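Structure data follow from entry_1.txt (compact mmCIF, C-alpha atoms):
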```txt
# COMPACT_ATOMS: atom_id res chain seq x y z
CA MET A 1 58.50 66.44 62.16
CA LYS A 2 54.84 66.80 63.02
CA SER A 3 52.17 66.25 60.41
CA ALA A 4 48.47 67.02 60.02
CA VAL A 5 45.76 65.52 57.82
CA VAL A 6 42.87 67.69 56.62
CA GLN A 7 39.38 66.22 56.95
CA LEU A 8 36.52 67.55 54.85
CA PRO A 9 33.08 66.03 54.15
CA GLY A 10 33.46 63.63 51.24
CA LEU A 11 37.18 62.98 51.57
CA ASN A 12 37.62 59.24 52.03
CA ARG A 13 41.36 58.59 51.91
CA ASP A 14 42.08 60.35 55.20
CA ARG A 15 42.36 57.09 57.14
CA ASP A 16 44.82 55.63 54.64
CA MET A 17 46.83 58.82 54.87
CA ILE A 18 46.82 58.83 58.69
CA ALA A 19 47.93 55.17 58.65
CA ALA A 20 50.74 55.89 56.18
CA LEU A 21 52.04 58.92 58.10
CA THR A 22 51.84 57.04 61.42
CA LYS A 23 53.65 53.97 60.10
CA ILE A 24 56.39 55.93 58.37
CA SER A 25 57.07 58.59 61.03
CA GLY A 26 56.12 56.67 64.16
CA HIS A 27 53.85 59.54 65.17
CA GLU A 28 50.14 59.87 64.56
CA PRO A 29 49.26 63.05 62.64
CA VAL A 30 46.77 65.50 64.07
CA THR A 31 43.58 66.07 62.09
CA ILE A 32 42.29 69.43 60.90
CA TRP A 33 38.54 69.87 60.35
CA GLN A 34 37.09 72.07 57.60
CA THR A 35 35.96 74.86 59.95
CA GLU A 36 39.30 75.33 61.69
CA THR A 37 40.90 78.67 61.00
CA GLU A 38 44.15 78.17 62.89
CA ILE A 39 46.77 75.50 62.44
CA ALA A 40 49.27 74.85 65.24
CA ASP A 41 52.73 76.34 64.76
CA ASP A 42 54.53 73.04 65.33
CA ILE A 43 53.02 71.39 62.23
CA ASP A 44 55.67 70.87 59.53
CA LEU A 45 53.58 69.00 56.97
CA ILE A 46 49.90 69.43 56.09
CA VAL A 47 48.37 66.69 53.93
CA ILE A 48 45.10 67.04 51.99
CA PRO A 49 44.08 63.49 51.14
CA GLY A 50 41.93 62.11 48.34
CA GLY A 51 38.21 61.56 48.00
CA PHE A 52 35.28 63.53 46.69
CA SER A 53 35.06 66.65 48.85
CA TYR A 54 31.55 68.13 48.87
CA GLY A 55 30.55 65.54 46.29
CA ASP A 56 32.89 67.25 43.81
CA TYR A 57 29.88 69.44 42.96
CA LEU A 58 30.52 72.33 40.55
CA ARG A 59 34.12 71.24 39.83
CA CYS A 60 36.39 68.78 41.66
CA GLY A 61 37.81 70.50 44.73
CA ALA A 62 36.10 73.82 43.93
CA ILE A 63 33.99 74.08 47.07
CA ALA A 64 36.66 72.68 49.40
CA ALA A 65 39.12 75.24 48.07
CA ARG A 66 36.86 78.02 49.40
CA MET A 67 36.37 76.67 52.92
CA PRO A 68 37.83 78.56 55.92
CA VAL A 69 40.47 75.88 56.54
CA MET A 70 42.00 76.62 53.14
CA GLN A 71 42.77 80.19 54.17
CA ALA A 72 44.63 78.80 57.18
CA ILE A 73 46.52 76.40 54.92
CA ARG A 74 47.35 79.22 52.51
CA GLU A 75 48.84 81.26 55.36
CA LYS A 76 50.94 78.29 56.47
CA ALA A 77 52.11 77.65 52.91
CA GLU A 78 53.18 81.28 52.63
CA LYS A 79 55.30 80.76 55.75
CA GLY A 80 57.03 77.78 54.14
CA VAL A 81 55.14 74.91 55.83
CA LYS A 82 55.05 71.85 53.56
CA VAL A 83 51.68 71.04 52.00
CA LEU A 84 50.97 67.80 50.13
CA GLY A 85 47.75 67.30 48.17
CA VAL A 86 46.98 63.83 46.83
CA CYS A 87 44.27 63.22 44.21
CA ASN A 88 41.29 65.32 45.38
CA GLY A 89 43.88 67.14 47.52
CA PHE A 90 45.73 68.09 44.31
CA GLN A 91 42.45 69.22 42.73
CA ILE A 92 41.76 71.36 45.82
CA LEU A 93 45.24 72.94 45.66
CA VAL A 94 44.79 73.97 42.02
CA GLU A 95 41.28 75.29 42.68
CA ALA A 96 42.72 77.29 45.59
CA GLN A 97 45.39 78.54 43.16
CA LEU A 98 48.16 77.36 45.45
CA LEU A 99 49.32 75.46 42.35
CA PRO A 100 48.89 76.55 38.72
CA GLY A 101 46.72 74.89 36.07
CA ALA A 102 43.58 72.79 36.32
CA LEU A 103 42.58 69.13 36.56
CA MET A 104 39.97 68.13 34.02
CA ARG A 105 37.90 65.07 33.17
CA ASN A 106 40.04 62.10 32.06
CA SER A 107 40.34 62.05 28.28
CA SER A 108 38.77 58.56 28.25
CA LEU A 109 35.81 59.93 30.29
CA LEU A 110 36.26 56.85 32.49
CA PHE A 111 37.16 56.62 36.15
CA VAL A 112 40.57 54.94 36.24
CA SER A 113 41.66 52.73 39.12
CA LYS A 114 44.90 50.96 38.32
CA GLU A 115 48.63 50.95 38.86
CA VAL A 116 50.85 53.21 36.79
CA LYS A 117 54.58 53.84 36.51
CA LEU A 118 55.78 57.20 37.75
CA GLU A 119 59.00 58.84 36.77
CA ILE A 120 60.66 61.00 39.44
CA VAL A 121 61.44 63.97 37.20
CA ASN A 122 62.94 66.07 39.99
CA ALA A 123 64.48 64.30 42.99
CA ASP A 124 65.84 67.54 44.39
CA THR A 125 62.76 68.54 46.42
CA ASP A 126 61.61 68.16 50.03
CA PHE A 127 59.15 65.50 48.86
CA THR A 128 61.35 63.38 46.60
CA ARG A 129 64.90 63.48 47.96
CA THR A 130 64.89 59.82 49.01
CA TYR A 131 64.45 58.82 45.35
CA GLU A 132 66.97 58.88 42.51
CA GLN A 133 66.60 61.41 39.72
CA GLY A 134 64.79 59.68 36.85
CA GLN A 135 63.83 56.68 38.99
CA VAL A 136 60.63 54.95 37.90
CA ILE A 137 58.34 53.77 40.69
CA ARG A 138 55.01 51.95 40.82
CA CYS A 139 52.02 53.86 42.15
CA PRO A 140 48.24 53.35 42.16
CA VAL A 141 45.86 55.93 40.68
CA ALA A 142 42.11 56.19 41.25
CA HIS A 143 40.41 59.22 39.77
CA HIS A 144 37.95 60.59 37.24
CA ASP A 145 39.49 64.04 36.82
CA GLY A 146 43.27 63.84 36.64
CA ASN A 147 43.81 65.32 33.22
CA TYR A 148 46.28 68.12 33.99
CA PHE A 149 45.90 71.27 31.91
CA ALA A 150 47.82 74.53 31.90
CA ASP A 151 48.35 77.11 29.17
CA ALA A 152 51.49 76.81 27.06
CA GLU A 153 53.34 79.54 28.93
CA THR A 154 52.62 78.01 32.36
CA LEU A 155 53.65 74.56 31.13
CA LYS A 156 56.90 75.91 29.77
CA SER A 157 57.75 77.65 33.02
CA LEU A 158 56.81 74.57 35.11
CA GLU A 159 59.09 72.40 33.00
CA GLY A 160 61.86 74.99 32.89
CA ASN A 161 61.86 75.60 36.65
CA GLY A 162 61.92 71.93 37.60
CA GLN A 163 58.40 72.19 39.02
CA VAL A 164 57.16 69.07 37.25
CA ILE A 165 57.97 66.42 39.86
CA PHE A 166 56.20 63.29 38.63
CA LYS A 167 55.35 62.15 35.12
CA TYR A 168 53.51 59.03 34.04
CA ALA A 169 56.23 56.88 32.52
CA GLU A 170 55.93 56.37 28.80
CA GLY A 171 52.77 54.60 27.77
CA THR A 172 51.09 54.69 31.20
CA ASN A 173 49.38 58.10 31.12
CA PRO A 174 45.90 57.13 32.41
CA ASN A 175 44.08 60.43 31.87
CA GLY A 176 45.48 62.42 28.94
CA SER A 177 47.31 64.97 31.11
CA LEU A 178 49.53 67.39 29.21
CA ASN A 179 53.20 66.38 29.06
CA ASP A 180 52.23 63.22 31.05
CA ILE A 181 52.20 65.36 34.20
CA ALA A 182 51.22 63.47 37.37
CA GLY A 183 52.48 65.92 40.00
CA ILE A 184 53.79 69.48 40.30
CA ILE A 185 55.29 71.71 42.97
CA ASN A 186 55.00 75.47 43.55
CA ALA A 187 57.90 77.79 42.76
CA ARG A 188 58.97 77.94 46.41
CA GLY A 189 59.11 74.15 46.58
CA ASN A 190 56.86 73.59 49.61
CA VAL A 191 53.46 72.83 48.04
CA LEU A 192 53.19 69.59 46.07
CA GLY A 193 50.13 68.16 44.33
CA MET A 194 49.95 64.71 42.75
CA MET A 195 47.17 62.54 41.34
CA PRO A 196 48.63 59.09 42.26
CA HIS A 197 48.21 57.62 45.75
CA PRO A 198 51.61 56.93 47.35
CA GLU A 199 49.87 56.22 50.68
CA ASN A 200 48.51 53.04 49.15
CA LEU A 201 51.91 51.52 48.39
CA ILE A 202 53.87 51.72 51.62
CA GLU A 203 54.07 48.18 53.00
CA HIS A 204 54.26 44.53 51.99
CA ALA A 205 50.50 44.12 52.46
CA HIS A 206 50.07 46.68 49.68
CA GLY A 207 52.32 44.70 47.39
CA GLY A 208 55.19 47.15 47.53
CA LYS A 209 56.75 50.13 49.26
CA ASP A 210 57.42 52.45 46.35
CA GLY A 211 55.27 55.23 47.82
CA ARG A 212 57.11 55.47 51.13
CA GLY A 213 59.80 57.78 49.81
CA ILE A 214 57.46 60.74 49.41
CA PHE A 215 56.47 60.66 53.07
CA ALA A 216 59.99 59.75 54.23
CA SER A 217 61.33 62.76 52.30
CA ALA A 218 58.64 65.15 53.55
CA LEU A 219 58.89 63.91 57.15
CA ASP A 220 62.66 63.77 57.03
CA VAL A 221 62.87 60.14 58.12
CA ILE A 222 64.84 57.30 56.60
CA ALA A 223 62.81 55.39 53.99
CA ALA A 224 62.62 51.72 54.95
CA MET B 1 14.00 89.78 42.57
CA ILE B 2 16.48 90.16 39.76
CA LYS B 3 16.86 87.08 37.60
CA ALA B 4 20.20 86.35 36.03
CA ARG B 5 21.73 83.65 33.91
CA VAL B 6 25.44 82.86 34.05
CA THR B 7 26.87 80.78 31.22
CA VAL B 8 30.25 79.13 31.73
CA THR B 9 32.12 77.73 28.75
CA LEU B 10 35.55 76.24 28.22
CA LYS B 11 38.18 78.54 26.78
CA ASN B 12 39.40 77.90 23.26
CA GLY B 13 42.24 75.43 23.18
CA VAL B 14 41.13 73.59 26.33
CA LEU B 15 40.44 69.95 25.54
CA ASP B 16 36.81 68.98 26.18
CA PRO B 17 36.51 65.18 26.32
CA GLN B 18 32.81 65.37 27.20
CA GLY B 19 32.07 67.61 24.22
CA LYS B 20 33.99 65.18 22.02
CA ALA B 21 31.95 62.24 23.30
CA ILE B 22 28.70 64.13 22.67
CA GLU B 23 29.93 65.00 19.17
CA GLY B 24 30.55 61.29 18.54
CA ALA B 25 27.14 60.33 19.95
CA LEU B 26 25.35 62.83 17.70
CA GLY B 27 27.17 61.37 14.71
CA SER B 28 26.13 57.85 15.67
CA LEU B 29 22.49 59.01 15.97
CA GLY B 30 22.67 59.95 12.32
CA PHE B 31 23.10 63.72 12.66
CA SER B 32 25.60 64.33 9.93
CA GLY B 33 27.49 67.55 9.44
CA VAL B 34 27.89 68.33 13.16
CA GLY B 35 31.12 70.24 13.71
CA GLN B 36 32.80 70.71 17.04
CA VAL B 37 30.64 70.31 20.19
CA ARG B 38 31.70 72.07 23.41
CA GLN B 39 29.95 71.43 26.71
CA GLY B 40 29.35 74.17 29.29
CA LYS B 41 27.30 75.03 32.34
CA VAL B 42 24.34 77.34 32.96
CA PHE B 43 23.42 78.84 36.34
CA ASP B 44 20.09 80.58 36.90
CA LEU B 45 20.23 82.88 39.90
CA GLU B 46 17.78 85.09 41.74
CA LEU B 47 19.23 88.12 43.50
CA GLU B 48 17.88 90.79 45.79
CA GLY B 49 18.74 94.46 45.42
CA ASP B 50 19.31 96.71 42.45
CA LYS B 51 20.72 95.86 39.07
CA ALA B 52 24.08 97.58 39.49
CA LYS B 53 24.79 95.69 42.70
CA ALA B 54 23.61 92.44 41.14
CA GLU B 55 25.95 92.96 38.21
CA ALA B 56 28.95 93.57 40.45
CA ASP B 57 28.04 90.65 42.72
CA LEU B 58 27.59 88.27 39.79
CA LYS B 59 30.98 89.14 38.40
CA ALA B 60 32.56 88.51 41.80
CA MET B 61 30.65 85.20 42.11
CA CYS B 62 31.96 84.08 38.73
CA ASP B 63 35.54 85.04 39.53
CA LYS B 64 35.46 83.48 42.99
CA LEU B 65 33.46 80.30 42.48
CA LEU B 66 31.18 79.73 39.49
CA ALA B 67 33.94 79.66 36.87
CA ASN B 68 37.52 78.48 37.02
CA THR B 69 39.08 81.25 34.99
CA VAL B 70 42.16 79.13 34.30
CA ILE B 71 40.09 77.05 31.89
CA GLU B 72 36.68 78.72 31.62
CA ASN B 73 35.06 81.92 30.33
CA TYR B 74 31.73 83.23 31.60
CA THR B 75 28.97 85.54 30.43
CA ILE B 76 26.33 87.19 32.61
CA ALA B 77 22.83 88.03 31.38
CA ILE B 78 20.43 89.94 33.62
CA ASP B 79 16.69 89.99 32.86
```

Could you render the structure from this file as structure tokens?
Amino acid sequence: MKSAVVQLPGLNRDRDMIAALTKISGHEPVTIWQTETEIADDIDLIVIPGGFSYGDYLRCGAIAARMPVMQAIREKAEKGVKVLGVCNGFQILVEAQLLPGALMRNSSLLFVSKEVKLEIVNADTDFTRTYEQGQVIRCPVAHHDGNYFADAETLKSLEGNGQVIFKYAEGTNPNGSLNDIAGIINARGNVLGMMPHPENLIEHAHGGKDGRGIFASALDVIAA
Amino acid sequence: MIKARVTVTLKNGVLDPQGKAIEGALGSLGFSGVGQVRQGKVFDLELEGDKAKAEADLKAMCDKLLANTVIENYTIAID
């Protein structure tokens, strides 16, 4: 499994993501710059990391979502290549309409940087299969705009189709997101967006390894 | 140059935490009787060409970038 990490001006979690993918798969991911319009055919997983792309001007992820590289990512996603967006990466995926809904200002209006509990609502996906259904894991969050919104019809279909993958476990919703949604997947099951940062909980130095399973699942390696 | 103003507002039913905070702040400044406050954005643009083209371009700009039509409505006013 070969992975790639997208680099855009203002993203700042790319190095953490590269470190996580390297440590878990044993292979260093390639990097994709904003102006690239072609992505190599041997890439199985494209990761859009967190940060503040283009200063988050206009709306979080709005400008990044309209850069040439996103067209290339869209084409790969349509071919079934796995795409993972974390934090700003999730915001970019919804702005690019690769995932439904929108991510709005936290209901508290505050930037939240803390650890939350995440429930694995659907363990039957390419990104969560190393977890148990209903398992609750620890995961850090760090964002200002993670308040997931979708209209009632979209929410109903997401829930009904098993497309809600992560929920903040009871009492830990840090941002007011509807139905405690922390992460969703597209209907095809190859594009996942999540607000929490699993790349920051993958080794003892982080204080735990709960986040490893997402990368282990997506990279098809054994979670250690 | 054609001058235009695009106003972007949140759709009904979309939670607006910033509007809520402003509503609270107005109340604490002593402005009583303030109902719901909703926050939006205004863009002032200058465009070359004729009015018909400007109108079509502005609509495309709103749909493609200026508004997120999942959560926002927009109106276009041309001088």

Identify, on the basis of only C-alpha atoms, every residue whose closest approach to region 33-37 of chain B does not exceed 7 Å; exclude the query and any residue fewer than 2 positions from it along the same chain; express the result as an MDAnalysis selection string.
-> chainID B and resid 19:20 22:23 31 39

Counting only C-alpha atoms, closest pick from A:Ile73, A:Leu109, A:Val83, A:Met67 relative to Pro17 (chain B) is A:Leu109

Using only C-alpha atoms, pick whichever of A:Ala72, A:Leu219, A:Ala102, A:Val116 has the shortest atom-to-atom distance to Leu10 (chain B).
->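 Closest to Leu10 (chain B) of all the choices is A:Ala102.
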
Spatial neighbours of Ala123 (chain A), max dist 10 Å, all atoms listed in the file, sep filter under 6 positions, as a list in words |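 My list of contacting residues is Arg129, Thr130, Tyr131, Glu132, Gln133, Gly134, Gln135, Gly162, Ile165, Phe166 and Ser217 of chain A.
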
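In terms of minimum interatomic distance to chain A, B:Val14 ranks closest within B:Glu46, B:Val14, B:Glu55, B:Ala25, counting only C-alpha atoms.
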
Could you write out as a ChimeraX atom specification the residues of chain B within 8 Å of chain A, counting only C-alpha atoms?
-> /B:14,17-18,65-66,68,70-71

Which residue, B:Gly40, B:Ser28, B:Leu15, B:Ala77, has the smallest gap to Leu58 (chain B) when you use only C-alpha atoms?
->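 Ranking B:Gly40, B:Ser28, B:Leu15, B:Ala77 by distance to Leu58 (chain B), first place goes to B:Ala77.
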
Looking at B:Asp79, B:Leu45, B:Ala56, B:Glu72, which one is nearest to Asn12 (chain B), with distances taken over only C-alpha atoms?
->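 Checking each candidate against Asn12 (chain B), we get B:Glu72 as the closest.
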
Put the listed atoms of region 36-47 of chain B in a box along x, y and z with 6 Å added on every side and give me the centre and edge lengths in Å to one decimal, as JSON.
```
{"center_x": 25.3, "center_y": 79.2, "center_z": 30.3, "size_x": 27.0, "size_y": 29.8, "size_z": 38.5}
```
